[in-house]
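With mmCIF, C-alpha atoms inside, this is entry23.cif:
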data_entry
#
loop_
_atom_site.label_atom_id
_atom_site.label_comp_id
_atom_site.auth_asym_id
_atom_site.auth_seq_id
_atom_site.Cartn_x
_atom_site.Cartn_y
_atom_site.Cartn_z
CA MET A 1 97.37 -1.49 33.84
CA SER A 2 97.42 2.20 33.08
CA ALA A 3 100.40 4.29 34.03
CA SER A 4 100.06 7.69 35.61
CA LEU A 5 101.66 10.76 34.08
CA PHE A 6 104.22 10.60 36.88
CA ASP A 7 105.07 7.01 35.98
CA LEU A 8 105.52 7.87 32.33
CA HIS A 9 107.74 10.86 33.00
CA ILE A 10 109.85 9.34 35.75
CA ALA A 11 110.47 6.22 33.67
CA GLN A 12 112.10 8.47 31.09
CA THR A 13 113.88 10.95 33.34
CA CYS A 14 114.98 8.74 36.26
CA PRO A 15 114.90 5.12 35.12
CA ASP A 16 117.05 3.75 37.95
CA GLU A 17 114.92 5.31 40.67
CA TYR A 18 111.78 4.23 38.87
CA ALA A 19 113.02 0.63 38.72
CA VAL A 20 113.71 0.63 42.46
CA LEU A 21 110.25 2.11 43.08
CA ARG A 22 108.52 -0.53 40.96
CA GLU A 23 110.47 -3.35 42.60
CA ALA A 24 109.70 -2.10 46.12
CA ASN A 25 106.00 -1.74 45.32
CA ALA A 26 105.86 -5.20 43.75
CA ARG A 27 107.54 -6.73 46.80
CA TYR A 28 105.10 -4.99 49.15
CA ARG A 29 102.07 -6.09 47.12
CA ALA A 30 103.30 -9.68 46.94
CA LEU A 31 103.91 -9.85 50.69
CA ALA A 32 100.58 -8.22 51.49
CA VAL A 33 98.71 -10.72 49.32
CA ARG A 34 100.53 -13.64 50.90
CA PHE A 35 99.83 -12.28 54.40
CA LEU A 36 96.14 -11.76 53.66
CA ASP A 37 95.94 -15.25 52.17
CA GLY A 38 97.16 -16.64 55.49
CA ASP A 39 100.74 -17.55 54.59
CA ALA A 40 102.26 -18.34 57.98
CA ILE A 41 105.77 -17.44 56.79
CA VAL A 42 104.82 -13.80 56.10
CA THR A 43 104.28 -11.67 59.17
CA GLU A 44 102.68 -8.29 59.65
CA ALA A 45 106.16 -6.95 60.42
CA ASP A 46 107.35 -8.17 57.01
CA CYS A 47 104.52 -6.29 55.34
CA LEU A 48 105.16 -3.13 57.34
CA ALA A 49 108.87 -3.24 56.52
CA ALA A 50 108.10 -3.72 52.83
CA LYS A 51 105.62 -0.83 52.93
CA ASP A 52 108.24 1.37 54.57
CA ALA A 53 110.76 0.43 51.89
CA ALA A 54 108.20 1.20 49.17
CA ASP A 55 107.45 4.57 50.76
CA ARG A 56 111.16 5.42 50.95
CA ALA A 57 111.64 4.38 47.32
CA GLU A 58 108.77 6.63 46.28
CA THR A 59 110.20 9.56 48.24
CA ALA A 60 113.60 9.05 46.60
CA ALA A 61 112.08 8.69 43.13
CA ARG A 62 110.01 11.84 43.53
CA ALA A 63 113.05 13.77 44.78
CA ALA A 64 115.12 12.60 41.79
CA PHE A 65 112.28 13.48 39.44
CA LYS A 66 111.92 16.95 40.96
CA LEU A 67 115.67 17.54 40.72
CA ALA A 68 115.71 16.41 37.09
CA PHE A 69 112.92 18.80 36.18
CA GLN A 70 114.50 21.68 38.09
CA THR A 71 117.71 21.06 36.18
CA LEU A 72 115.85 20.99 32.85
CA ALA A 73 113.83 24.10 33.65
CA LYS A 74 116.78 26.13 34.90
CA PRO A 75 117.95 28.53 32.19
CA SER A 76 121.56 28.22 31.17
CA GLU A 77 123.83 30.80 32.72
CA ASN A 78 125.82 31.03 29.47
CA THR A 79 122.99 32.49 27.41
CA GLU A 80 123.34 36.09 26.33
#

Final structure tokens representation of the file:
Amino acid sequence: MSASLFDLHIAQTCPDEYAVLREANARYRALAVRFLDGDAIVTEADCLAAKDAADRAETAARAAFKLAFQTLAKPSENTE
């Protein structure tokens, strides 16, 4: 599986948020596969809730990534 540039950078700059993102996406994929395979225990609502959680995790990860890069790119106020 190839990682995107975003994945590579966020894994280094925001590892906690990246871990939550990966876990949420894995949970969503696993539930979706089970649902599509006809697992009676997994409902459409379960899949939608997992997708929502994955979307929120991605939003949080992207926000943390953006903040980290803004902090890195911001020139120090103590430079003369």

Expanded to explicit residues, what is the PyMOL selection byres ((chain A and resi 50) around 8) for this file, as a PDB file with C-alpha atoms, in the frame of the given file?
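What landed in result-v2.pdb:
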ATOM      1  CA  ALA A  24     109.700  -2.100  46.120  1.00  0.00           C
ATOM      2  CA  ARG A  27     107.540  -6.730  46.800  1.00  0.00           C
ATOM      3  CA  TYR A  28     105.100  -4.990  49.150  1.00  0.00           C
ATOM      4  CA  LEU A  31     103.910  -9.850  50.690  1.00  0.00           C
ATOM      5  CA  ASP A  46     107.350  -8.170  57.010  1.00  0.00           C
ATOM      6  CA  CYS A  47     104.520  -6.290  55.340  1.00  0.00           C
ATOM      7  CA  LEU A  48     105.160  -3.130  57.340  1.00  0.00           C
ATOM      8  CA  ALA A  49     108.870  -3.240  56.520  1.00  0.00           C
ATOM      9  CA  LYS A  51     105.620  -0.830  52.930  1.00  0.00           C
ATOM     10  CA  ASP A  52     108.240   1.370  54.570  1.00  0.00           C
ATOM     11  CA  ALA A  53     110.760   0.430  51.890  1.00  0.00           C
ATOM     12  CA  ALA A  54     108.200   1.200  49.170  1.00  0.00           C
TER      13      ALA A  54
END

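Using only C-alpha atoms, the protein and nucleic acid residues lying no more than 9 Å from range 17-20 of chain A, apart from those fewer than 6 places from it along its own chain, are Asp7, Ile10, Ala11, Ala54, Ala57, Glu58, Ala60, Ala61, Arg62, Ala64 and Phe65 of chain A.
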
Enclosing box along x, y and z for every listed atom of range 21-25 of chain A, padded 6 Å each side, centre and size in Å, one decimal, as JSON:
{"center_x": 108.2, "center_y": -0.6, "center_z": 43.5, "size_x": 16.5, "size_y": 17.5, "size_z": 17.2}

inquiry  = I'd like the interatomic distance between CA of Arg29 in chain A and CA of Gln12 in chain A, to a tenth of an Å.
reply    =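 Computed distance, CA of Arg29 in chain A to CA of Gln12 in chain A, equals 23.9 Å.
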
query = Quick one: distance from CA of Thr59 in chain A to CA of Asn25 in chain A in Å, one decimal?
reply =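 Answer for the CA of Thr59 in chain A to CA of Asn25 in chain A separation: 12.4 Å.
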
task = Would you work out the distance separating CA of Leu8 in chain A from CA of Ala68 in chain A, expressed in Å to one decimal?
result = 14.1 Å
